[in-house]
file protein-v5.cif (mmCIF, C-alpha atoms)
data_query
#
loop_
_atom_site.group_PDB
_atom_site.id
_atom_site.type_symbol
_atom_site.label_atom_id
_atom_site.label_comp_id
_atom_site.auth_asym_id
_atom_site.auth_seq_id
_atom_site.Cartn_x
_atom_site.Cartn_y
_atom_site.Cartn_z
ATOM 1 C CA MET K 1 -20.910 22.622 -26.054
ATOM 2 C CA PRO K 2 -24.426 22.736 -24.496
ATOM 3 C CA LYS K 3 -25.409 25.473 -22.012
ATOM 4 C CA TRP K 4 -25.322 23.135 -19.025
ATOM 5 C CA PHE K 5 -21.702 22.136 -19.618
ATOM 6 C CA THR K 6 -19.850 25.052 -17.953
ATOM 7 C CA PRO K 7 -22.056 25.261 -14.785
ATOM 8 C CA ALA K 8 -21.857 21.472 -14.446
ATOM 9 C CA ALA K 9 -18.053 21.605 -14.811
ATOM 10 C CA ILE K 10 -17.870 24.243 -12.038
ATOM 11 C CA VAL K 11 -20.114 22.150 -9.754
ATOM 12 C CA CYS K 12 -17.978 19.076 -10.494
ATOM 13 C CA ALA K 13 -14.753 20.959 -9.629
ATOM 14 C CA LEU K 14 -16.305 22.124 -6.332
ATOM 15 C CA MET K 15 -17.410 18.580 -5.542
ATOM 16 C CA PHE K 16 -13.860 17.351 -6.217
ATOM 17 C CA ALA K 17 -12.625 19.964 -3.731
ATOM 18 C CA VAL K 18 -15.136 18.901 -1.033
ATOM 19 C CA ALA K 19 -14.801 15.105 -1.461
ATOM 20 C CA PRO K 20 -11.318 14.797 0.195
ATOM 21 C CA ILE K 21 -12.638 16.649 3.292
ATOM 22 C CA LEU K 22 -15.552 14.196 3.635
ATOM 23 C CA ILE K 23 -13.235 11.224 3.075
ATOM 24 C CA ALA K 24 -10.711 12.491 5.630
ATOM 25 C CA ASN K 25 -13.489 12.970 8.213
ATOM 26 C CA ALA K 26 -14.972 9.500 7.664
ATOM 27 C CA PRO K 27 -14.198 7.063 10.512
ATOM 28 C CA TYR K 28 -11.551 4.363 10.172
ATOM 29 C CA GLU K 29 -12.864 0.874 9.474
ATOM 30 C CA SER K 30 -12.152 -1.355 12.488
ATOM 31 C CA THR K 31 -10.040 -4.106 10.878
ATOM 32 C CA MET K 32 -8.404 -2.386 7.892
ATOM 33 C CA GLY K 33 -7.750 1.083 9.291
ATOM 34 C CA LEU K 34 -6.319 3.782 7.026
ATOM 35 C CA VAL K 35 -6.037 1.706 3.839
ATOM 36 C CA GLN K 36 -9.825 1.207 3.745
ATOM 37 C CA LYS K 37 -10.113 4.842 2.617
ATOM 38 C CA ILE K 38 -9.167 3.629 -0.884
ATOM 39 C CA PHE K 39 -12.767 2.339 -0.891
ATOM 40 C CA TYR K 40 -14.042 5.913 -1.419
ATOM 41 C CA VAL K 41 -12.481 6.089 -4.885
ATOM 42 C CA HIS K 42 -12.432 2.368 -5.723
ATOM 43 C CA LEU K 43 -16.172 1.740 -5.414
ATOM 44 C CA PRO K 44 -17.383 4.885 -7.286
ATOM 45 C CA SER K 45 -14.925 4.269 -10.135
ATOM 46 C CA ALA K 46 -16.034 0.610 -10.292
ATOM 47 C CA LEU K 47 -19.697 1.637 -10.497
ATOM 48 C CA ILE K 48 -18.937 4.194 -13.239
ATOM 49 C CA PHE K 49 -16.925 1.508 -15.057
ATOM 50 C CA LEU K 50 -20.065 -0.690 -15.100
ATOM 51 C CA ILE K 51 -22.401 2.206 -16.031
ATOM 52 C CA ALA K 52 -20.091 3.204 -18.922
ATOM 53 C CA ALA K 53 -20.083 -0.410 -20.188
ATOM 54 C CA VAL K 54 -23.914 -0.430 -20.135
ATOM 55 C CA VAL K 55 -24.073 2.943 -21.960
ATOM 56 C CA CYS K 56 -21.627 1.622 -24.573
ATOM 57 C CA GLY K 57 -23.638 -1.607 -24.983
ATOM 58 C CA VAL K 58 -27.073 0.077 -25.214
ATOM 59 C CA ALA K 59 -25.784 2.665 -27.718
ATOM 60 C CA SER K 60 -24.198 -0.155 -29.754
ATOM 61 C CA VAL K 61 -27.480 -2.122 -29.837
ATOM 62 C CA ARG K 62 -29.325 0.972 -31.048
ATOM 63 C CA PHE K 63 -26.627 1.594 -33.661
ATOM 64 C CA LEU K 64 -26.832 -2.013 -34.889
ATOM 65 C CA PHE K 65 -30.627 -1.919 -35.249
ATOM 66 C CA ARG K 66 -31.173 1.687 -36.391
ATOM 67 C CA GLY K 67 -27.839 2.577 -37.994
ATOM 68 C CA ASN K 68 -27.876 6.102 -36.555
ATOM 69 C CA PRO K 69 -24.260 7.408 -36.344
ATOM 70 C CA ARG K 70 -25.171 9.418 -33.202
ATOM 71 C CA HIS K 71 -25.485 6.159 -31.277
ATOM 72 C CA ASP K 72 -22.177 4.954 -32.676
ATOM 73 C CA ARG K 73 -20.456 8.141 -31.498
ATOM 74 C CA LEU K 74 -21.964 7.715 -28.028
ATOM 75 C CA ALA K 75 -20.800 4.081 -27.881
ATOM 76 C CA TRP K 76 -17.264 5.032 -28.899
ATOM 77 C CA ALA K 77 -17.133 7.801 -26.280
ATOM 78 C CA ALA K 78 -18.457 5.468 -23.567
ATOM 79 C CA ALA K 79 -15.946 2.744 -24.494
ATOM 80 C CA GLU K 80 -13.079 5.144 -23.805
ATOM 81 C CA LEU K 81 -14.572 5.910 -20.399
ATOM 82 C CA VAL K 82 -14.900 2.171 -19.677
ATOM 83 C CA VAL K 83 -11.136 1.953 -20.204
ATOM 84 C CA LEU K 84 -10.459 5.039 -18.053
ATOM 85 C CA PHE K 85 -12.637 4.105 -15.057
ATOM 86 C CA GLY K 86 -11.725 0.430 -15.502
ATOM 87 C CA ILE K 87 -8.009 1.121 -15.138
ATOM 88 C CA ILE K 88 -8.693 3.250 -12.046
ATOM 89 C CA THR K 89 -10.686 0.362 -10.541
ATOM 90 C CA LEU K 90 -8.086 -2.240 -11.484
ATOM 91 C CA VAL K 91 -5.209 -0.211 -10.021
ATOM 92 C CA THR K 92 -6.825 1.038 -6.799
ATOM 93 C CA GLY K 93 -8.279 -2.424 -6.012
ATOM 94 C CA PRO K 94 -4.927 -4.247 -5.792
ATOM 95 C CA LEU K 95 -3.393 -1.372 -3.782
ATOM 96 C CA TRP K 96 -6.155 -1.865 -1.212
ATOM 97 C CA ALA K 97 -6.029 -5.671 -1.443
ATOM 98 C CA ARG K 98 -2.273 -5.823 -0.785
ATOM 99 C CA LYS K 99 -2.834 -4.504 2.730
ATOM 100 C CA ALA K 100 -6.338 -5.838 3.432
ATOM 101 C CA TRP K 101 -6.040 -9.351 1.957
ATOM 102 C CA GLY K 102 -2.257 -9.766 1.777
ATOM 103 C CA VAL K 103 -2.251 -10.244 -2.006
ATOM 104 C CA TRP K 104 -2.106 -7.875 -4.959
ATOM 105 C CA TRP K 105 -4.422 -9.965 -7.099
ATOM 106 C CA GLN K 106 -6.496 -13.110 -6.954
ATOM 107 C CA TRP K 107 -8.181 -14.853 -9.881
ATOM 108 C CA ASP K 108 -11.601 -14.795 -8.249
ATOM 109 C CA VAL K 109 -14.759 -14.323 -10.302
ATOM 110 C CA ARG K 110 -15.240 -10.588 -9.837
ATOM 111 C CA LEU K 111 -11.619 -9.623 -10.454
ATOM 112 C CA THR K 112 -11.320 -11.873 -13.501
ATOM 113 C CA ALA K 113 -14.658 -10.730 -14.976
ATOM 114 C CA SER K 114 -13.725 -7.067 -14.378
ATOM 115 C CA LEU K 115 -10.392 -7.570 -16.139
ATOM 116 C CA MET K 116 -12.210 -9.257 -19.027
ATOM 117 C CA GLY K 117 -14.712 -6.378 -19.247
ATOM 118 C CA TRP K 118 -11.857 -3.886 -19.348
ATOM 119 C CA MET K 119 -10.050 -5.882 -22.047
ATOM 120 C CA VAL K 120 -13.237 -6.001 -24.147
ATOM 121 C CA ALA K 121 -13.333 -2.171 -24.033
ATOM 122 C CA VAL K 122 -9.645 -1.988 -24.997
ATOM 123 C CA ALA K 123 -10.374 -4.391 -27.891
ATOM 124 C CA TYR K 124 -13.289 -2.131 -28.926
ATOM 125 C CA LEU K 125 -11.005 0.917 -29.102
ATOM 126 C CA LEU K 126 -8.264 -0.970 -30.980
ATOM 127 C CA LEU K 127 -10.855 -2.246 -33.449
ATOM 128 C CA ARG K 128 -12.174 1.286 -34.022
ATOM 129 C CA LYS K 129 -8.675 2.679 -34.516
ATOM 130 C CA TYR K 130 -7.136 -0.028 -36.710
ATOM 131 C CA GLY K 131 -10.140 -2.032 -37.984
ATOM 132 C CA GLY K 132 -10.743 0.019 -41.128
ATOM 133 C CA PRO K 133 -14.102 0.256 -42.925
ATOM 134 C CA GLY K 134 -16.888 -1.763 -41.297
ATOM 135 C CA SER K 135 -15.190 -1.858 -37.914
ATOM 136 C CA ASP K 136 -18.054 0.190 -36.416
ATOM 137 C CA LYS K 137 -20.487 -2.752 -36.693
ATOM 138 C CA LEU K 138 -17.885 -5.279 -35.505
ATOM 139 C CA ALA K 139 -17.041 -3.079 -32.521
ATOM 140 C CA ALA K 140 -20.749 -2.673 -31.718
ATOM 141 C CA GLY K 141 -21.044 -6.468 -31.598
ATOM 142 C CA LEU K 142 -18.058 -6.594 -29.268
ATOM 143 C CA ALA K 143 -19.654 -3.980 -26.987
ATOM 144 C CA LEU K 144 -22.601 -6.339 -26.455
ATOM 145 C CA PHE K 145 -20.239 -8.828 -24.808
ATOM 146 C CA GLY K 146 -18.914 -6.038 -22.615
ATOM 147 C CA MET K 147 -22.451 -5.145 -21.520
ATOM 148 C CA ALA K 148 -23.462 -8.792 -20.939
ATOM 149 C CA ASN K 149 -20.487 -9.063 -18.563
ATOM 150 C CA VAL K 150 -21.784 -6.253 -16.296
ATOM 151 C CA PRO K 151 -24.497 -8.088 -14.279
ATOM 152 C CA PHE K 152 -22.099 -11.012 -13.995
ATOM 153 C CA ILE K 153 -19.438 -8.752 -12.418
ATOM 154 C CA TYR K 154 -21.988 -7.211 -10.044
ATOM 155 C CA ILE K 155 -23.725 -10.309 -8.694
ATOM 156 C CA SER K 156 -20.822 -12.767 -8.943
ATOM 157 C CA VAL K 157 -19.780 -12.093 -5.336
ATOM 158 C CA ASN K 158 -23.160 -13.306 -4.074
ATOM 159 C CA TYR K 159 -22.979 -16.679 -5.846
ATOM 160 C CA TRP K 160 -19.297 -17.669 -5.845
ATOM 161 C CA ARG K 161 -16.919 -18.068 -2.946
ATOM 162 C CA THR K 162 -14.636 -15.034 -3.201
ATOM 163 C CA ILE K 163 -12.675 -12.706 -0.950
ATOM 164 C CA HIS K 164 -14.631 -9.693 -2.222
ATOM 165 C CA PRO K 165 -17.418 -8.553 0.126
ATOM 166 C CA THR K 166 -20.986 -9.221 -1.085
ATOM 167 C CA THR K 167 -23.292 -6.542 -2.504
ATOM 168 C CA ASN K 168 -25.078 -6.417 0.881
ATOM 169 C CA VAL K 169 -22.236 -4.355 2.394
ATOM 170 C CA LEU K 170 -23.087 -1.092 0.638
ATOM 171 C CA PRO K 171 -26.676 -0.589 1.958
ATOM 172 C CA THR K 172 -25.556 -1.385 5.511
ATOM 173 C CA LEU K 173 -22.877 1.330 5.674
ATOM 174 C CA PRO K 174 -23.333 3.837 8.523
ATOM 175 C CA VAL K 175 -24.108 7.417 7.434
ATOM 176 C CA SER K 176 -20.598 8.565 8.395
ATOM 177 C CA MET K 177 -19.143 6.193 5.774
ATOM 178 C CA GLY K 178 -22.096 6.147 3.364
ATOM 179 C CA LEU K 179 -22.161 9.924 2.862
ATOM 180 C CA PRO K 180 -18.560 10.232 1.563
ATOM 181 C CA VAL K 181 -18.913 7.215 -0.705
ATOM 182 C CA TRP K 182 -22.181 8.388 -2.303
ATOM 183 C CA PHE K 183 -20.875 11.945 -2.558
ATOM 184 C CA THR K 184 -17.758 10.672 -4.363
ATOM 185 C CA PHE K 185 -19.982 8.549 -6.574
ATOM 186 C CA ALA K 186 -22.086 11.626 -7.482
ATOM 187 C CA THR K 187 -18.860 13.545 -8.246
ATOM 188 C CA PHE K 188 -17.531 10.746 -10.463
ATOM 189 C CA PHE K 189 -20.911 10.400 -12.185
ATOM 190 C CA LEU K 190 -21.032 14.112 -12.996
ATOM 191 C CA LEU K 191 -17.457 13.907 -14.281
ATOM 192 C CA PHE K 192 -18.465 10.878 -16.378
ATOM 193 C CA LEU K 193 -21.319 12.873 -17.967
ATOM 194 C CA LEU K 194 -19.006 15.823 -18.690
ATOM 195 C CA LEU K 195 -16.290 13.631 -20.190
ATOM 196 C CA LEU K 196 -18.872 11.711 -22.214
ATOM 197 C CA ARG K 197 -20.224 14.978 -23.643
ATOM 198 C CA MET K 198 -16.701 16.218 -24.470
ATOM 199 C CA ARG K 199 -15.818 12.937 -26.145
ATOM 200 C CA VAL K 200 -19.086 12.836 -28.156
ATOM 201 C CA ARG K 201 -18.388 16.439 -29.227
ATOM 202 C CA LEU K 202 -14.984 15.296 -30.511
ATOM 203 C CA GLU K 203 -16.611 12.601 -32.660
ATOM 204 C CA GLU K 204 -19.217 15.093 -33.940
ATOM 205 C CA GLN K 205 -16.450 17.444 -35.035
ATOM 206 C CA ARG K 206 -14.536 14.583 -36.673
ATOM 207 C CA ALA K 207 -17.707 13.678 -38.596
ATOM 208 C CA GLN K 208 -17.989 17.323 -39.749
ATOM 209 C CA VAL K 209 -14.342 17.259 -40.886
ATOM 210 C CA ASP K 210 -14.968 14.039 -42.865
ATOM 211 C CA ALA K 211 -18.078 15.569 -44.449
ATOM 212 C CA LEU K 212 -16.114 18.691 -45.461
ATOM 213 C CA TYR K 213 -13.321 16.578 -47.029
ATOM 214 C CA LEU K 214 -15.930 14.574 -48.970
ATOM 215 C CA SER K 215 -17.676 17.734 -50.209
ATOM 216 C CA ALA K 216 -14.288 19.208 -51.249
ATOM 217 C CA ASP K 217 -13.481 16.050 -53.270
ATOM 218 C CA ALA K 218 -16.902 15.987 -54.972
ATOM 219 C CA MET P 219 31.828 -33.051 -26.234
ATOM 220 C CA LEU P 220 33.378 -31.230 -23.278
ATOM 221 C CA ARG P 221 31.044 -28.279 -23.882
ATOM 222 C CA ARG P 222 27.995 -30.572 -23.792
ATOM 223 C CA PHE P 223 29.246 -32.190 -20.595
ATOM 224 C CA LEU P 224 29.714 -28.791 -18.921
ATOM 225 C CA ALA P 225 26.271 -27.662 -20.097
ATOM 226 C CA ALA P 226 24.711 -30.824 -18.622
ATOM 227 C CA ILE P 227 26.445 -30.187 -15.285
ATOM 228 C CA ALA P 228 25.269 -26.552 -15.276
ATOM 229 C CA LEU P 229 21.700 -27.649 -16.049
ATOM 230 C CA ALA P 230 21.784 -30.294 -13.308
ATOM 231 C CA ALA P 231 23.107 -27.715 -10.847
ATOM 232 C CA LEU P 232 20.287 -25.373 -11.767
ATOM 233 C CA MET P 233 17.626 -28.084 -11.459
ATOM 234 C CA PHE P 234 18.754 -29.633 -8.215
ATOM 235 C CA GLY P 235 20.750 -26.833 -6.640
ATOM 236 C CA ALA P 236 17.875 -24.398 -6.199
ATOM 237 C CA PRO P 237 15.580 -26.767 -4.256
ATOM 238 C CA LEU P 238 18.543 -27.919 -2.126
ATOM 239 C CA GLY P 239 19.381 -24.279 -1.405
ATOM 240 C CA ALA P 240 15.799 -23.630 -0.436
ATOM 241 C CA GLN P 241 15.828 -26.600 1.917
ATOM 242 C CA GLN P 242 18.840 -25.336 3.811
ATOM 243 C CA GLN P 243 16.835 -22.695 5.698
ATOM 244 C CA PRO P 244 13.381 -24.008 6.579
ATOM 245 C CA PRO P 245 10.921 -21.323 7.722
ATOM 246 C CA GLN P 246 10.482 -20.992 11.456
ATOM 247 C CA GLN P 247 7.401 -22.710 12.814
ATOM 248 C CA GLN P 248 4.795 -20.569 14.557
ATOM 249 C CA ASP P 249 3.241 -21.709 17.818
ATOM 250 C CA GLY P 250 0.184 -19.462 17.468
ATOM 251 C CA PHE P 251 -1.316 -16.407 15.841
ATOM 252 C CA VAL P 252 0.497 -13.120 16.330
ATOM 253 C CA PRO P 253 -1.641 -9.952 16.603
ATOM 254 C CA ILE P 254 -0.763 -7.529 13.809
ATOM 255 C CA ASP P 255 0.310 -4.743 16.165
ATOM 256 C CA GLN P 256 2.912 -7.101 17.723
ATOM 257 C CA LEU P 257 4.643 -7.831 14.420
ATOM 258 C CA PRO P 258 8.237 -6.631 14.049
ATOM 259 C CA PRO P 259 8.432 -3.342 12.073
ATOM 260 C CA GLN P 260 10.025 -5.017 9.004
ATOM 261 C CA ASP P 261 6.986 -7.338 8.658
ATOM 262 C CA GLN P 262 4.366 -4.596 8.954
ATOM 263 C CA LEU P 263 3.025 -3.169 5.700
ATOM 264 C CA PRO P 264 2.433 0.590 5.974
ATOM 265 C CA ALA P 265 -0.930 1.744 4.627
ATOM 266 C CA ALA P 266 -0.055 5.365 3.821
ATOM 267 C CA PRO P 267 2.087 4.730 0.686
ATOM 268 C CA LEU P 268 -0.639 2.479 -0.768
ATOM 269 C CA LEU P 269 -3.312 5.089 -0.038
ATOM 270 C CA VAL P 270 -1.231 7.943 -1.473
ATOM 271 C CA THR P 271 -0.418 5.885 -4.581
ATOM 272 C CA ALA P 272 -4.109 5.048 -5.122
ATOM 273 C CA TYR P 273 -5.308 8.651 -4.808
ATOM 274 C CA SER P 274 -2.407 9.998 -6.886
ATOM 275 C CA PHE P 275 -3.169 7.497 -9.634
ATOM 276 C CA VAL P 276 -6.849 8.525 -9.716
ATOM 277 C CA VAL P 277 -5.994 12.234 -9.984
ATOM 278 C CA LEU P 278 -3.256 11.610 -12.576
ATOM 279 C CA ALA P 279 -5.404 9.307 -14.743
ATOM 280 C CA LEU P 280 -8.324 11.772 -14.792
ATOM 281 C CA PHE P 281 -6.029 14.739 -15.450
ATOM 282 C CA VAL P 282 -4.209 12.996 -18.329
ATOM 283 C CA TYR P 283 -7.510 11.930 -19.894
ATOM 284 C CA VAL P 284 -9.041 15.429 -19.685
ATOM 285 C CA LEU P 285 -5.858 16.884 -21.223
ATOM 286 C CA SER P 286 -5.911 14.253 -23.980
ATOM 287 C CA VAL P 287 -9.547 14.968 -24.929
ATOM 288 C CA ALA P 288 -8.946 18.753 -24.784
ATOM 289 C CA ARG P 289 -5.871 18.420 -27.038
ATOM 290 C CA ARG P 290 -7.756 16.246 -29.558
ATOM 291 C CA LEU P 291 -10.693 18.682 -29.528
ATOM 292 C CA GLY P 292 -8.310 21.567 -30.220
ATOM 293 C CA VAL P 293 -6.667 19.751 -33.155
ATOM 294 C CA VAL P 294 -10.015 18.839 -34.759
ATOM 295 C CA GLN P 295 -11.418 22.343 -34.162
ATOM 296 C CA ARG P 296 -8.425 23.915 -35.959
ATOM 297 C CA GLU P 297 -8.822 21.505 -38.881
ATOM 298 C CA LEU P 298 -12.546 22.223 -39.028
ATOM 299 C CA ASP P 299 -11.944 25.985 -39.069
ATOM 300 C CA ARG P 300 -9.363 25.620 -41.853
ATOM 301 C CA LEU P 301 -11.693 23.463 -43.991
ATOM 302 C CA GLN P 302 -14.643 25.807 -43.447
ATOM 303 C CA SER P 303 -12.585 28.847 -44.482
ATOM 304 C CA ASP P 304 -11.333 26.937 -47.578
ATOM 305 C CA ALA P 305 -14.925 26.050 -48.491
ATOM 306 C CA ARG P 306 -16.027 29.664 -48.040
ATOM 307 C CA ARG P 307 -13.148 30.867 -50.255
ATOM 308 C CA ARG P 308 -14.127 28.397 -53.008
ATOM 309 C CA THR P 309 -17.743 29.572 -53.039
#
call {"tool": "encode", "arguments": {"input": "protein-v5.cif", "output": "structure tokens"}}
result
Amino acid sequence: MPKWFTPAAIVCALMFAVAPILIANAPYESTMGLVQKIFYVHLPSALIFLIAAVVCGVASVRFLFRGNPRHDRLAWAAAELVVLFGIITLVTGPLWARKAWGVWWQWDVRLTASLMGWMVAVAYLLLRKYGGPGSDKLAAGLALFGMANVPFIYISVNYWRTIHPTTNVLPTLPVSMGLPVWFTFATFFLLFLLLLRMRVRLEEQRAQVDALYLSADA
Amino acid sequence: MLRRFLAAIALAALMFGAPLGAQQQPPQQQDGFVPIDQLPPQDQLPAAPLLVTAYSFVVLALFVYVLSVARRLGVVQRELDRLQSDARRRT
């Protein structure tokens, strides 16, 4: 592991310890009350879900054009994190919606596109696990669809009639609510970087194992 | 023949019985909007269980994933060590 990994892991653990205090001290939203506090984990996980999909897509494009296995390993690692942060987003969202909107789920553009983006990442992982030889290029092609979906998920609320708030809400948050949400986002982003590094390390070691098996057979 | 007849009656009862049953108790009409804090307790949805479930799920999902990656790293590291020692022994 690189030198920065352990200090960054300690900082991340401390941030995870501080985040609940900031969230608990944030004021209640006037119409939703207590349940709105799900926002402080829902929004950061949703943003990391989108960032991970972009990382996976960019790494896949570079792998397709340059053929460097390092980019393929990065794409694979990011795809797993798309699934992880995607499931967090897709579970915390309905728990909030049940109280705030009165429904668990609605087939509006953002929810449907997010579900599709998550399913593309699941398809990527299944393809890598069971696709056999050549599945790396096929999966990289699939990751492009996942990345193309990201701007659509983000801006969809501004162009379609939906019960999701528009993207204008975030910049207008008061400091008392903005600070916890951006702090939680920074915590999740640091965790994302740490997990990405761990997962890339796993693929590097697997590649070393494959190389050793091949050299033993030769 | 009798079995078919009974099956047809059962099917008809299922098709027409359910809507008739639903019509027996029409929902009460509302004369106006009711503020949420005036709702009877059985109609109010508590926020705390939803909030606790959401936060617990986040912690659990992250914990399980970190454990899963650590376990996989451990397995591959052991295999790598074994292969490297085998290679050293051969040379």
call {"tool": "residues_around", "arguments": {"input": "protein-v5.cif", "residues": "Phe145 of chain K", "least_positions_apart": "5", "cutoff": "10 Å", "atoms": "all atoms listed in the file", "output": "JSON, numbers by chain"}}
result
{"K": [53, 57, 116, 117, 120, 121, 140, 150]}
call {"tool": "closest_residue", "arguments": {"input": "protein-v5.cif", "among": "K:Val209, K:Val181, K:Leu47, K:Ala78", "to": "Tyr154 of chain K", "atoms": "only C-alpha atoms"}}
result
K:Leu47
call {"tool": "residues_around", "arguments": {"input": "protein-v5.cif", "residues": "segment 280-282 of chain P", "least_positions_apart": "5", "cutoff": "12 Å", "atoms": "all atoms listed in the file", "output": "list of chain:residue names"}}
result
K:Phe16, K:Ser45, K:Leu81, K:Val83, K:Leu84, K:Phe85, K:Gly86, K:Ile87, K:Ile88, K:Phe188, K:Leu191, K:Phe192, K:Leu195, P:Tyr273, P:Ser274, P:Phe275, P:Val287, P:Ala288, P:Arg289
call {"tool": "closest_residue", "arguments": {"input": "protein-v5.cif", "among": "P:Leu269, P:Asp299, P:Phe251, P:Val277", "to": "chain K", "atoms": "all atoms listed in the file"}}
result
P:Leu269
call {"tool": "closest_atom_pairs", "arguments": {"input": "protein-v5.cif", "of": "chain P", "to": "chain K", "cutoff": "9 Å", "atoms": "all atoms listed in the file", "output": "JSON lines"}}
result
{"residue": "P:Leu263", "atom": "CA", "partner": "K:Lys99", "partner_atom": "CA", "distance": 6.7}
{"residue": "P:Pro264", "atom": "CA", "partner": "K:Lys99", "partner_atom": "CA", "distance": 8.0}
{"residue": "P:Ala265", "atom": "CA", "partner": "K:Val35", "partner_atom": "CA", "distance": 5.2}
{"residue": "P:Ala266", "atom": "CA", "partner": "K:Val35", "partner_atom": "CA", "distance": 7.0}
{"residue": "P:Leu268", "atom": "CA", "partner": "K:Leu95", "partner_atom": "CA", "distance": 5.6}
{"residue": "P:Leu269", "atom": "CA", "partner": "K:Val35", "partner_atom": "CA", "distance": 5.8}
{"residue": "P:Thr271", "atom": "CA", "partner": "K:Leu95", "partner_atom": "CA", "distance": 7.9}
{"residue": "P:Ala272", "atom": "CA", "partner": "K:Thr92", "partner_atom": "CA", "distance": 5.1}
{"residue": "P:Tyr273", "atom": "CA", "partner": "K:Ile38", "partner_atom": "CA", "distance": 7.5}
{"residue": "P:Phe275", "atom": "CA", "partner": "K:Ile88", "partner_atom": "CA", "distance": 7.4}
{"residue": "P:Val276", "atom": "CA", "partner": "K:Ile88", "partner_atom": "CA", "distance": 6.1}
{"residue": "P:Ala279", "atom": "CA", "partner": "K:Leu84", "partner_atom": "CA", "distance": 7.4}
{"residue": "P:Leu280", "atom": "CA", "partner": "K:Leu84", "partner_atom": "CA", "distance": 7.8}
{"residue": "P:Tyr283", "atom": "CA", "partner": "K:Leu84", "partner_atom": "CA", "distance": 7.7}
{"residue": "P:Val284", "atom": "CA", "partner": "K:Leu195", "partner_atom": "CA", "distance": 7.5}
{"residue": "P:Val287", "atom": "CA", "partner": "K:Arg199", "partner_atom": "CA", "distance": 6.7}
{"residue": "P:Ala288", "atom": "CA", "partner": "K:Met198", "partner_atom": "CA", "distance": 8.2}
{"residue": "P:Arg290", "atom": "CA", "partner": "K:Leu202", "partner_atom": "CA", "distance": 7.4}
{"residue": "P:Leu291", "atom": "CA", "partner": "K:Leu202", "partner_atom": "CA", "distance": 5.6}
{"residue": "P:Val294", "atom": "CA", "partner": "K:Arg206", "partner_atom": "CA", "distance": 6.5}
{"residue": "P:Gln295", "atom": "CA", "partner": "K:Gln205", "partner_atom": "CA", "distance": 7.1}
{"residue": "P:Glu297", "atom": "CA", "partner": "K:Val209", "partner_atom": "CA", "distance": 7.2}
{"residue": "P:Leu298", "atom": "CA", "partner": "K:Val209", "partner_atom": "CA", "distance": 5.6}
{"residue": "P:Leu301", "atom": "CA", "partner": "K:Leu212", "partner_atom": "CA", "distance": 6.7}
{"residue": "P:Gln302", "atom": "CA", "partner": "K:Leu212", "partner_atom": "CA", "distance": 7.5}
{"residue": "P:Ala305", "atom": "CA", "partner": "K:Ala216", "partner_atom": "CA", "distance": 7.4}
call {"tool": "write_last_selection", "arguments": {"input": "protein-v5.cif", "atoms": "C-alpha atoms", "output": "PDB file, in the frame of the given file"}}
result
ATOM      1  CA  LEU P 263       3.025  -3.169   5.700  1.00  0.00           C
ATOM      2  CA  PRO P 264       2.433   0.590   5.974  1.00  0.00           C
ATOM      3  CA  ALA P 265      -0.930   1.744   4.627  1.00  0.00           C
ATOM      4  CA  ALA P 266      -0.055   5.365   3.821  1.00  0.00           C
ATOM      5  CA  LEU P 268      -0.639   2.479  -0.768  1.00  0.00           C
ATOM      6  CA  LEU P 269      -3.312   5.089  -0.038  1.00  0.00           C
ATOM      7  CA  THR P 271      -0.418   5.885  -4.581  1.00  0.00           C
ATOM      8  CA  ALA P 272      -4.109   5.048  -5.122  1.00  0.00           C
ATOM      9  CA  TYR P 273      -5.308   8.651  -4.808  1.00  0.00           C
ATOM     10  CA  PHE P 275      -3.169   7.497  -9.634  1.00  0.00           C
ATOM     11  CA  VAL P 276      -6.849   8.525  -9.716  1.00  0.00           C
ATOM     12  CA  ALA P 279      -5.404   9.307 -14.743  1.00  0.00           C
ATOM     13  CA  LEU P 280      -8.324  11.772 -14.792  1.00  0.00           C
ATOM     14  CA  TYR P 283      -7.510  11.930 -19.894  1.00  0.00           C
ATOM     15  CA  VAL P 284      -9.041  15.429 -19.685  1.00  0.00           C
ATOM     16  CA  VAL P 287      -9.547  14.968 -24.929  1.00  0.00           C
ATOM     17  CA  ALA P 288      -8.946  18.753 -24.784  1.00  0.00           C
ATOM     18  CA  ARG P 290      -7.756  16.246 -29.558  1.00  0.00           C
ATOM     19  CA  LEU P 291     -10.693  18.682 -29.528  1.00  0.00           C
ATOM     20  CA  VAL P 294     -10.015  18.839 -34.759  1.00  0.00           C
ATOM     21  CA  GLN P 295     -11.418  22.343 -34.162  1.00  0.00           C
ATOM     22  CA  GLU P 297      -8.822  21.505 -38.881  1.00  0.00           C
ATOM     23  CA  LEU P 298     -12.546  22.223 -39.028  1.00  0.00           C
ATOM     24  CA  LEU P 301     -11.693  23.463 -43.991  1.00  0.00           C
ATOM     25  CA  GLN P 302     -14.643  25.807 -43.447  1.00  0.00           C
ATOM     26  CA  ALA P 305     -14.925  26.050 -48.491  1.00  0.00           C
TER      27      ALA P 305
END
call {"tool": "axis_aligned_box", "arguments": {"input": "protein-v5.cif", "around": "segment 171-187 of chain K", "padding_each_side": "5 Å", "output": "JSON"}}
result
{"center_x": -22.2, "center_y": 6.1, "center_z": 0.1, "size_x": 18.9, "size_y": 24.9, "size_z": 26.8}
call {"tool": "closest_residue", "arguments": {"input": "protein-v5.cif", "among": "K:Ala59, K:Leu111, K:Leu193, K:Val122", "to": "Val82 of chain K", "atoms": "only C-alpha atoms"}}
result
K:Val122
call {"tool": "closest_residue", "arguments": {"input": "protein-v5.cif", "among": "K:Val11, K:Met147, K:Val169, K:Ala24", "to": "Phe49 of chain K", "atoms": "all atoms listed in the file"}}
result
K:Met147
call {"tool": "atom_distance", "arguments": {"input": "protein-v5.cif", "atom1": "atom CA of Asn149 of chain K", "atom2": "atom CA of Val54 of chain K"}}
result
9.4 Å
